>>> print(open('work_38.pdb').read())   # PDB, C-alpha atoms and all ligand atoms
ATOM      1  CA  MET A   1      52.341  -8.548  26.190
ATOM      2  CA  LEU A   2      52.526 -11.267  23.579
ATOM      3  CA  ALA A   3      50.379 -10.959  20.503
ATOM      4  CA  ALA A   4      47.600 -13.525  20.380
ATOM      5  CA  PRO A   5      48.511 -16.456  18.144
ATOM      6  CA  ALA A   6      46.924 -16.436  14.742
ATOM      7  CA  PRO A   7      43.834 -18.621  14.690
ATOM      8  CA  ALA A   8      44.341 -21.939  12.925
ATOM      9  CA  VAL A   9      41.012 -21.669  11.158
ATOM     10  CA  ALA A  10      39.105 -18.702   9.808
ATOM     11  CA  ALA A  11      37.206 -16.817  12.498
ATOM     12  CA  PRO A  12      33.499 -17.719  12.602
ATOM     13  CA  LYS A  13      31.179 -15.336  10.807
ATOM     14  CA  ALA A  14      29.854 -12.465  12.899
ATOM     15  CA  LYS A  15      26.853 -13.541  14.955
ATOM     16  CA  LYS A  16      23.521 -12.854  13.271
ATOM     17  CA  VAL A  17      21.591  -9.963  14.769
ATOM     18  CA  ASP A  18      18.191 -10.990  16.189
ATOM     19  CA  CYS A  19      15.843  -8.079  15.474
ATOM     20  CA  SER A  20      13.206  -9.411  17.859
ATOM     21  CA  GLN A  21      15.722  -8.818  20.654
ATOM     22  CA  VAL A  22      17.619  -5.690  19.593
ATOM     23  CA  LYS A  23      16.782  -2.430  17.793
ATOM     24  CA  CYS A  24      17.208  -2.783  14.038
ATOM     25  CA  VAL A  25      16.949  -0.437  11.064
ATOM     26  CA  ALA A  26      17.098  -1.545   7.435
ATOM     27  CA  LEU A  27      18.411   1.211   5.173
ATOM     28  CA  THR A  28      17.412   0.528   1.564
ATOM     29  CA  PHE A  29      18.886   2.165  -1.518
ATOM     30  CA  ASP A  30      16.835   2.242  -4.728
ATOM     31  CA  ASP A  31      17.608   2.624  -8.434
ATOM     32  CA  GLY A  32      21.283   1.690  -8.336
ATOM     33  CA  PRO A  33      23.929   0.777  -8.459
ATOM     34  CA  GLY A  34      24.314   4.540  -8.702
ATOM     35  CA  LYS A  35      27.552   6.323  -9.476
ATOM     36  CA  TYR A  36      28.291   6.899  -5.769
ATOM     37  CA  ALA A  37      27.785   3.238  -4.813
ATOM     38  CA  GLY A  38      31.514   2.679  -4.278
ATOM     39  CA  THR A  39      31.766   5.486  -1.725
ATOM     40  CA  LEU A  40      28.612   4.230   0.005
ATOM     41  CA  LEU A  41      30.006   0.696   0.193
ATOM     42  CA  ASP A  42      33.240   2.050   1.714
ATOM     43  CA  THR A  43      31.211   3.843   4.408
ATOM     44  CA  LEU A  44      29.045   0.809   5.179
ATOM     45  CA  LYS A  45      32.164  -1.326   5.487
ATOM     46  CA  LYS A  46      33.901   1.164   7.753
ATOM     47  CA  TYR A  47      30.983   1.157  10.231
ATOM     48  CA  ASP A  48      30.155  -2.538   9.826
ATOM     49  CA  ALA A  49      26.650  -1.649   8.638
ATOM     50  CA  LYS A  50      24.540  -3.724   6.253
ATOM     51  CA  ALA A  51      22.049  -2.377   3.720
ATOM     52  CA  THR A  52      19.649  -3.569   1.051
ATOM     53  CA  PHE A  53      19.955  -2.444  -2.554
ATOM     54  CA  PHE A  54      16.915  -2.537  -4.852
ATOM     55  CA  LEU A  55      18.684  -2.460  -8.181
ATOM     56  CA  GLN A  56      17.638  -1.495 -11.692
ATOM     57  CA  GLY A  57      18.694  -4.115 -14.201
ATOM     58  CA  GLN A  58      20.010  -1.505 -16.653
ATOM     59  CA  TYR A  59      22.541  -0.281 -14.079
ATOM     60  CA  VAL A  60      23.428  -3.786 -12.924
ATOM     61  CA  LYS A  61      24.416  -4.338 -16.541
ATOM     62  CA  SER A  62      26.515  -1.168 -16.704
ATOM     63  CA  ARG A  63      28.043  -1.379 -13.184
ATOM     64  CA  PRO A  64      28.282  -5.104 -12.391
ATOM     65  CA  SER A  65      31.375  -4.800 -10.174
ATOM     66  CA  TYR A  66      29.417  -2.826  -7.549
ATOM     67  CA  VAL A  67      26.804  -5.585  -7.432
ATOM     68  CA  LYS A  68      29.463  -8.196  -6.936
ATOM     69  CA  ARG A  69      30.932  -6.149  -4.121
ATOM     70  CA  MET A  70      27.513  -5.624  -2.451
ATOM     71  CA  VAL A  71      26.986  -9.371  -2.254
ATOM     72  CA  LYS A  72      30.544 -10.094  -1.169
ATOM     73  CA  GLU A  73      30.276  -7.565   1.671
ATOM     74  CA  GLY A  74      27.058  -9.028   3.064
ATOM     75  CA  HIS A  75      24.425  -6.648   1.727
ATOM     76  CA  ALA A  76      21.085  -7.823   0.373
ATOM     77  CA  ILE A  77      20.027  -7.365  -3.229
ATOM     78  CA  GLY A  78      16.465  -6.836  -4.426
ATOM     79  CA  ASN A  79      14.874  -6.386  -7.835
ATOM     80  CA  HIS A  80      13.594  -2.898  -8.800
ATOM     81  CA  GLY A  81      12.767  -3.585 -12.442
ATOM     82  CA  TYR A  82      15.035  -3.195 -15.454
ATOM     83  CA  SER A  83      14.219   0.308 -16.692
ATOM     84  CA  HIS A  84      11.863   1.617 -13.967
ATOM     85  CA  PRO A  85       8.434   1.789 -15.630
ATOM     86  CA  ASP A  86       5.300   2.060 -13.476
ATOM     87  CA  PHE A  87       4.292  -1.620 -13.262
ATOM     88  CA  THR A  88       0.640  -0.722 -12.625
ATOM     89  CA  LYS A  89       0.562   0.872 -16.104
ATOM     90  CA  SER A  90       2.588  -1.871 -17.820
ATOM     91  CA  SER A  91       1.440  -5.017 -19.619
ATOM     92  CA  GLU A  92       1.908  -8.356 -17.896
ATOM     93  CA  ALA A  93       4.522  -9.262 -20.499
ATOM     94  CA  THR A  94       6.470  -6.078 -19.724
ATOM     95  CA  ILE A  95       6.333  -6.650 -15.964
ATOM     96  CA  ARG A  96       7.562 -10.234 -16.373
ATOM     97  CA  SER A  97      10.374  -9.216 -18.666
ATOM     98  CA  GLU A  98      11.415  -6.279 -16.400
ATOM     99  CA  ILE A  99      11.723  -8.664 -13.444
ATOM    100  CA  LYS A 100      13.317 -11.520 -15.344
ATOM    101  CA  LYS A 101      15.922  -9.399 -17.156
ATOM    102  CA  THR A 102      16.954  -7.808 -13.842
ATOM    103  CA  ASN A 103      17.219 -11.160 -12.082
ATOM    104  CA  ASP A 104      19.327 -12.440 -14.976
ATOM    105  CA  GLU A 105      21.720  -9.455 -14.846
ATOM    106  CA  ILE A 106      22.115  -9.787 -11.058
ATOM    107  CA  LYS A 107      22.788 -13.499 -11.401
ATOM    108  CA  LYS A 108      25.353 -12.772 -14.093
ATOM    109  CA  ALA A 109      27.044 -10.015 -12.060
ATOM    110  CA  ALA A 110      27.105 -11.568  -8.603
ATOM    111  CA  GLY A 111      25.902 -15.163  -8.846
ATOM    112  CA  VAL A 112      22.846 -14.655  -6.642
ATOM    113  CA  GLU A 113      19.134 -14.577  -7.303
ATOM    114  CA  PRO A 114      17.238 -11.728  -5.664
ATOM    115  CA  LYS A 115      14.407 -12.852  -3.388
ATOM    116  CA  LEU A 116      12.703  -9.482  -2.889
ATOM    117  CA  LEU A 117      10.876  -7.172  -5.289
ATOM    118  CA  ARG A 118      10.341  -3.449  -4.887
ATOM    119  CA  PRO A 119       8.364  -2.274  -7.921
ATOM    120  CA  PRO A 120       9.361   1.125  -9.361
ATOM    121  CA  TYR A 121       7.812   4.003  -7.335
ATOM    122  CA  GLY A 122       6.621   1.360  -4.852
ATOM    123  CA  LEU A 123       3.509   0.969  -7.008
ATOM    124  CA  SER A 124       1.773  -2.385  -7.234
ATOM    125  CA  ASP A 125      -1.659  -3.877  -7.736
ATOM    126  CA  LEU A 126      -3.129  -7.392  -7.831
ATOM    127  CA  THR A 127      -1.532  -8.125 -11.223
ATOM    128  CA  VAL A 128       1.902  -7.067  -9.963
ATOM    129  CA  GLN A 129       1.349  -9.182  -6.842
ATOM    130  CA  ASP A 130       0.412 -12.233  -8.940
ATOM    131  CA  ILE A 131       3.514 -11.850 -11.087
ATOM    132  CA  ALA A 132       5.712 -11.330  -8.008
ATOM    133  CA  ALA A 133       4.240 -14.580  -6.697
ATOM    134  CA  GLU A 134       5.202 -16.358  -9.934
ATOM    135  CA  PHE A 135       8.794 -15.280  -9.298
ATOM    136  CA  GLY A 136       8.568 -16.361  -5.647
ATOM    137  CA  MET A 137       9.121 -12.827  -4.336
ATOM    138  CA  PRO A 138       7.357 -10.782  -1.671
ATOM    139  CA  ILE A 139       6.971  -7.069  -2.461
ATOM    140  CA  ILE A 140       8.917  -4.882  -0.049
ATOM    141  CA  LEU A 141       7.994  -1.218   0.321
ATOM    142  CA  TRP A 142       9.215   1.048   3.141
ATOM    143  CA  THR A 143       8.044   2.344   6.514
ATOM    144  CA  GLY A 144       9.619   5.769   6.036
ATOM    145  CA  GLY A 145      11.462   7.773   3.411
ATOM    146  CA  SER A 146      14.527  10.005   3.584
ATOM    147  CA  ARG A 147      12.992  12.265   0.891
ATOM    148  CA  ASP A 148      16.579  12.605  -0.317
ATOM    149  CA  TRP A 149      15.667  12.940  -4.015
ATOM    150  CA  GLU A 150      13.528  15.920  -3.065
ATOM    151  CA  SER A 151      15.703  17.887  -0.640
ATOM    152  CA  ARG A 152      19.197  17.044  -1.984
ATOM    153  CA  ASN A 153      20.443  18.564   1.254
ATOM    154  CA  GLU A 154      22.686  16.695   3.691
ATOM    155  CA  GLU A 155      21.231  18.189   6.883
ATOM    156  CA  LYS A 156      17.629  17.637   5.745
ATOM    157  CA  ILE A 157      18.352  14.072   4.646
ATOM    158  CA  LYS A 158      19.926  13.295   7.996
ATOM    159  CA  LYS A 159      17.087  14.877   9.977
ATOM    160  CA  GLN A 160      14.360  13.141   7.947
ATOM    161  CA  THR A 161      16.125   9.764   8.023
ATOM    162  CA  LEU A 162      16.611   9.880  11.787
ATOM    163  CA  SER A 163      12.959  10.860  12.254
ATOM    164  CA  VAL A 164      11.709   7.726  10.434
ATOM    165  CA  ALA A 165      14.388   5.324  11.733
ATOM    166  CA  LYS A 166      12.560   3.378  14.404
ATOM    167  CA  GLY A 167      12.738  -0.216  15.605
ATOM    168  CA  ASN A 168      12.430  -2.591  12.630
ATOM    169  CA  SER A 169      11.909   0.258  10.182
ATOM    170  CA  ILE A 170      12.665   0.052   6.473
ATOM    171  CA  VAL A 171      13.980   3.390   5.213
ATOM    172  CA  LEU A 172      13.956   4.460   1.561
ATOM    173  CA  MET A 173      17.085   6.197   0.224
ATOM    174  CA  HIS A 174      18.886   6.512  -3.120
ATOM    175  CA  ASP A 175      22.563   5.960  -3.829
ATOM    176  CA  TRP A 176      22.427   8.256  -6.859
ATOM    177  CA  VAL A 177      21.825  11.239  -4.552
ATOM    178  CA  LYS A 178      25.291  12.537  -3.687
ATOM    179  CA  GLN A 179      24.134  14.259  -0.496
ATOM    180  CA  THR A 180      22.720  10.935   0.751
ATOM    181  CA  VAL A 181      26.045   9.193   0.321
ATOM    182  CA  ASP A 182      27.866  12.186   1.853
ATOM    183  CA  SER A 183      25.594  12.194   4.909
ATOM    184  CA  MET A 184      25.837   8.445   5.546
ATOM    185  CA  PRO A 185      28.834   8.472   7.946
ATOM    186  CA  SER A 186      27.002  10.909  10.206
ATOM    187  CA  ILE A 187      23.639   9.087   9.932
ATOM    188  CA  ILE A 188      25.192   5.700  10.680
ATOM    189  CA  LYS A 189      27.214   7.013  13.636
ATOM    190  CA  THR A 190      24.122   8.642  15.144
ATOM    191  CA  LEU A 191      21.983   5.514  14.718
ATOM    192  CA  GLN A 192      24.650   3.223  16.133
ATOM    193  CA  ARG A 193      25.174   5.526  19.102
ATOM    194  CA  SER A 194      21.412   5.275  19.748
ATOM    195  CA  GLY A 195      21.741   1.490  19.895
ATOM    196  CA  TYR A 196      20.504   0.580  16.401
ATOM    197  CA  HIS A 197      21.888  -2.308  14.415
ATOM    198  CA  LEU A 198      21.977  -1.590  10.686
ATOM    199  CA  VAL A 199      20.781  -4.764   9.035
ATOM    200  CA  THR A 200      19.298  -6.014   5.778
ATOM    201  CA  VAL A 201      15.571  -6.131   5.055
ATOM    202  CA  ASP A 202      15.697  -9.917   5.456
ATOM    203  CA  ASP A 203      16.618  -9.475   9.125
ATOM    204  CA  VAL A 204      13.784  -7.012   9.751
ATOM    205  CA  ILE A 205      11.037  -9.082   8.032
ATOM    206  CA  LYS A 206      12.096 -12.400   9.544
ATOM    207  CA  GLY A 207       9.136 -12.510  11.949
ATOM    208  CA  GLU A 208       6.544 -11.466   9.332
ATOM    209  CA  ASP A 209       6.028 -14.826   7.610
ATOM    210  CA  LEU A 210       5.723 -13.143   4.201
ATOM    211  CA  LYS A 211       4.700 -15.231   1.237
ATOM    212  CA  ALA A 212       5.528 -14.644  -2.414
ATOM    213  CA  GLY A 213       3.290 -11.867  -3.721
ATOM    214  CA  ASP A 214       2.593 -10.397  -0.265
ATOM    215  CA  VAL A 215       3.166  -6.669   0.149
ATOM    216  CA  PHE A 216       5.035  -5.360   3.208
ATOM    217  CA  PRO A 217       4.393  -2.993   4.802
ATOM    218  CA  LEU A 218       0.844  -2.815   3.482
ATOM    219  CA  PRO A 219      -0.095   0.632   2.158
ATOM    220  CA  GLU A 220      -2.864   2.235   4.177
ATOM    221  CA  GLY A 221      -6.294   0.857   3.302
ATOM    222  CA  TRP A 222      -4.931  -2.357   1.726
ATOM    223  CA  GLU A 223      -5.671  -5.870   2.840
ATOM    224  CA  GLN A 224      -3.265  -8.697   2.166
TER     225      GLN A 224
HETATM  226 ZN    ZN B   1      13.031   3.697  -8.010
END
>>> encode(input="work_38.pdb", output="structure tokens")
Amino acid sequence: MLAAPAPAVAAPKAKKVDCSQVKCVALTFDDGPGKYAGTLLDTLKKYDAKATFFLQGQYVKSRPSYVKRMVKEGHAIGNHGYSHPDFTKSSEATIRSEIKKTNDEIKKAAGVEPKLLRPPYGLSDLTVQDIAAEFGMPIILWTGGSRDWESRNEEKIKKQTLSVAKGNSIVLMHDWVKQTVDSMPSIIKTLQRSGYHLVTVDDVIKGEDLKAGDVFPLPEGWEQ
């Protein structure tokens, strides 16, 4: 059989996944880029999976090439503060500078401006929401956690992640935990075999109509 002729123009970009029609999971990695980010990016590429990285500005500054690669390979980037203080115990000036310095480093490293904020420890209050609104960012938390920082055990991370990975879930993980990165091929294969598409947070929140300063998902007992 003859080989197909090479296309005259670049192939169209892969069709966007519609998470209102198919099962989606958004894996999110906090605090990076961590030292295992390169291995994680290799795995995501191999399985054609997308993820969202909530980055600390201090590590964007020290590992800019990972950030560039994340953007180039279709992952989403969010802001996780510059040096990870609890924003609910920080002054307004500190919160603003933590967000701004991180945005600036990301812009410098990869040429993009993050549109999502995940405050350190997922902690926010009305002041943090107001400042997020000033920056035009909704606050993105998670629907379930891998508890990877706690267990540091591949089997436990896999089991916990699969137990919280449901339709349109947002799962918290960390790319500085080696066992998380090591367990990713197995986690991704299992999710994909169960029919999940691994997408960015933007895909999962598309139907939510979030405004700058909104928190999603809302912690129990909160009102928007
Ligand atoms: Zn964090």
>>> atom_distance(input="work_38.pdb", atom1="atom CA of Gly78 of chain A", atom2="atom CA of Gln56 of chain A")
9.1 Å
>>> residues_near_point(input="work_38.pdb", point="(11.3, -1.2, 12.1)", cutoff="12 Å", atoms="only C-alpha atoms", output="PyMOL selection string")
chain A and resi 19-20+22-27+142-144+164-171+196-208+216-217
>>> closest_residue(input="work_38.pdb", among="A:Leu44, A:Leu116, A:Leu210, A:Val215", to="Ser186 of chain A", atoms="all atoms listed in the file")
A:Leu44
>>> atom_distance(input="work_38.pdb", atom1="atom CA of Ala109 of chain A", atom2="atom CA of Lys61 of chain A")
7.7 Å
>>> residues_near_ligand(input="work_38.pdb", ligand="ligand ZN 1 (chain B)", cutoff="10 Å", atoms="all atoms listed in the file", output="list in words")
Phe29, Asp30, Asp31, Gly32, Phe54, Leu55, Gln56, His80, Gly81, Ser83, His84, Pro85, Asp86, Arg118, Pro119, Pro120, Tyr121, Gly122, Leu123, Leu172, Met173 and His174 of chain A
>>> atom_distance(input="work_38.pdb", atom1="atom CA of Tyr36 of chain A", atom2="atom CA of Thr94 of chain A")
29.0 Å
>>> closest_residue(input="work_38.pdb", among="A:Ile95, A:Met70, A:Leu126, A:Ile131", to="Thr39 of chain A", atoms="only C-alpha atoms")
A:Met70
>>> build_atoms(input="work_38.pdb", residues="segment 186-214 of chain A", atoms="N, CA and C atoms", output="mmCIF file, in the frame of the given file")
data_model
loop_
_atom_site.group_PDB
_atom_site.id
_atom_site.type_symbol
_atom_site.label_atom_id
_atom_site.label_comp_id
_atom_site.auth_asym_id
_atom_site.auth_seq_id
_atom_site.Cartn_x
_atom_site.Cartn_y
_atom_site.Cartn_z
ATOM 1 N N SER A 186 27.635 10.253 9.071
ATOM 2 C CA SER A 186 27.002 10.909 10.206
ATOM 3 C C SER A 186 25.701 10.203 10.614
ATOM 4 N N ILE A 187 24.899 9.792 9.633
ATOM 5 C CA ILE A 187 23.639 9.087 9.932
ATOM 6 C C ILE A 187 23.933 7.761 10.633
ATOM 7 N N ILE A 188 24.880 7.021 10.094
ATOM 8 C CA ILE A 188 25.192 5.700 10.680
ATOM 9 C C ILE A 188 25.729 5.864 12.101
ATOM 10 N N LYS A 189 26.641 6.810 12.298
ATOM 11 C CA LYS A 189 27.214 7.013 13.636
ATOM 12 C C LYS A 189 26.116 7.347 14.633
ATOM 13 N N THR A 190 25.202 8.231 14.236
ATOM 14 C CA THR A 190 24.122 8.642 15.144
ATOM 15 C C THR A 190 23.220 7.452 15.475
ATOM 16 N N LEU A 191 22.860 6.674 14.467
ATOM 17 C CA LEU A 191 21.983 5.514 14.718
ATOM 18 C C LEU A 191 22.678 4.493 15.617
ATOM 19 N N GLN A 192 23.933 4.223 15.329
ATOM 20 C CA GLN A 192 24.650 3.223 16.133
ATOM 21 C C GLN A 192 24.823 3.698 17.571
ATOM 22 N N ARG A 193 25.055 4.997 17.731
ATOM 23 C CA ARG A 193 25.174 5.526 19.102
ATOM 24 C C ARG A 193 23.850 5.409 19.851
ATOM 25 N N SER A 194 22.727 5.441 19.113
ATOM 26 C CA SER A 194 21.412 5.275 19.748
ATOM 27 C C SER A 194 21.048 3.804 19.933
ATOM 28 N N GLY A 195 21.972 2.909 19.624
ATOM 29 C CA GLY A 195 21.741 1.490 19.895
ATOM 30 C C GLY A 195 21.142 0.698 18.747
ATOM 31 N N TYR A 196 21.069 1.303 17.548
ATOM 32 C CA TYR A 196 20.504 0.580 16.401
ATOM 33 C C TYR A 196 21.548 -0.300 15.723
ATOM 34 N N HIS A 197 21.084 -1.459 15.278
ATOM 35 C CA HIS A 197 21.888 -2.308 14.415
ATOM 36 C C HIS A 197 21.414 -2.066 12.989
ATOM 37 N N LEU A 198 22.347 -1.815 12.085
ATOM 38 C CA LEU A 198 21.977 -1.590 10.686
ATOM 39 C C LEU A 198 22.063 -2.921 9.956
ATOM 40 N N VAL A 199 20.902 -3.406 9.550
ATOM 41 C CA VAL A 199 20.781 -4.764 9.035
ATOM 42 C C VAL A 199 20.115 -4.748 7.662
ATOM 43 N N THR A 200 19.993 -5.930 7.065
ATOM 44 C CA THR A 200 19.298 -6.014 5.778
ATOM 45 C C THR A 200 17.796 -6.177 6.024
ATOM 46 N N VAL A 201 17.021 -5.960 4.968
ATOM 47 C CA VAL A 201 15.571 -6.131 5.055
ATOM 48 C C VAL A 201 15.220 -7.544 5.524
ATOM 49 N N ASP A 202 15.981 -8.530 5.058
ATOM 50 C CA ASP A 202 15.697 -9.917 5.456
ATOM 51 C C ASP A 202 15.675 -10.066 6.970
ATOM 52 N N ASP A 203 16.582 -9.387 7.655
ATOM 53 C CA ASP A 203 16.618 -9.475 9.125
ATOM 54 C C ASP A 203 15.360 -8.860 9.737
ATOM 55 N N VAL A 204 14.921 -7.748 9.184
ATOM 56 C CA VAL A 204 13.784 -7.012 9.751
ATOM 57 C C VAL A 204 12.451 -7.741 9.504
ATOM 58 N N ILE A 205 12.325 -8.442 8.362
ATOM 59 C CA ILE A 205 11.037 -9.082 8.032
ATOM 60 C C ILE A 205 10.981 -10.539 8.493
ATOM 61 N N LYS A 206 12.016 -10.986 9.158
ATOM 62 C CA LYS A 206 12.096 -12.400 9.544
ATOM 63 C C LYS A 206 10.831 -12.884 10.255
ATOM 64 N N GLY A 207 10.290 -12.070 11.168
ATOM 65 C CA GLY A 207 9.136 -12.510 11.949
ATOM 66 C C GLY A 207 7.801 -12.335 11.233
ATOM 67 N N GLU A 208 7.799 -11.842 9.994
ATOM 68 C CA GLU A 208 6.544 -11.466 9.332
ATOM 69 C C GLU A 208 5.880 -12.604 8.567
ATOM 70 N N ASP A 209 6.580 -13.685 8.337
ATOM 71 C CA ASP A 209 6.028 -14.826 7.610
ATOM 72 C C ASP A 209 5.439 -14.404 6.257
ATOM 73 N N LEU A 210 6.201 -13.631 5.498
ATOM 74 C CA LEU A 210 5.723 -13.143 4.201
ATOM 75 C C LEU A 210 5.764 -14.253 3.160
ATOM 76 N N LYS A 211 4.723 -14.276 2.342
ATOM 77 C CA LYS A 211 4.700 -15.231 1.237
ATOM 78 C C LYS A 211 4.938 -14.481 -0.069
ATOM 79 N N ALA A 212 5.322 -15.251 -1.101
ATOM 80 C CA ALA A 212 5.528 -14.644 -2.414
ATOM 81 C C ALA A 212 4.268 -13.898 -2.829
ATOM 82 N N GLY A 213 4.430 -12.676 -3.294
ATOM 83 C CA GLY A 213 3.290 -11.867 -3.721
ATOM 84 C C GLY A 213 2.712 -10.994 -2.620
ATOM 85 N N ASP A 214 3.042 -11.273 -1.358
ATOM 86 C CA ASP A 214 2.593 -10.397 -0.265
ATOM 87 C C ASP A 214 3.276 -9.037 -0.372
#
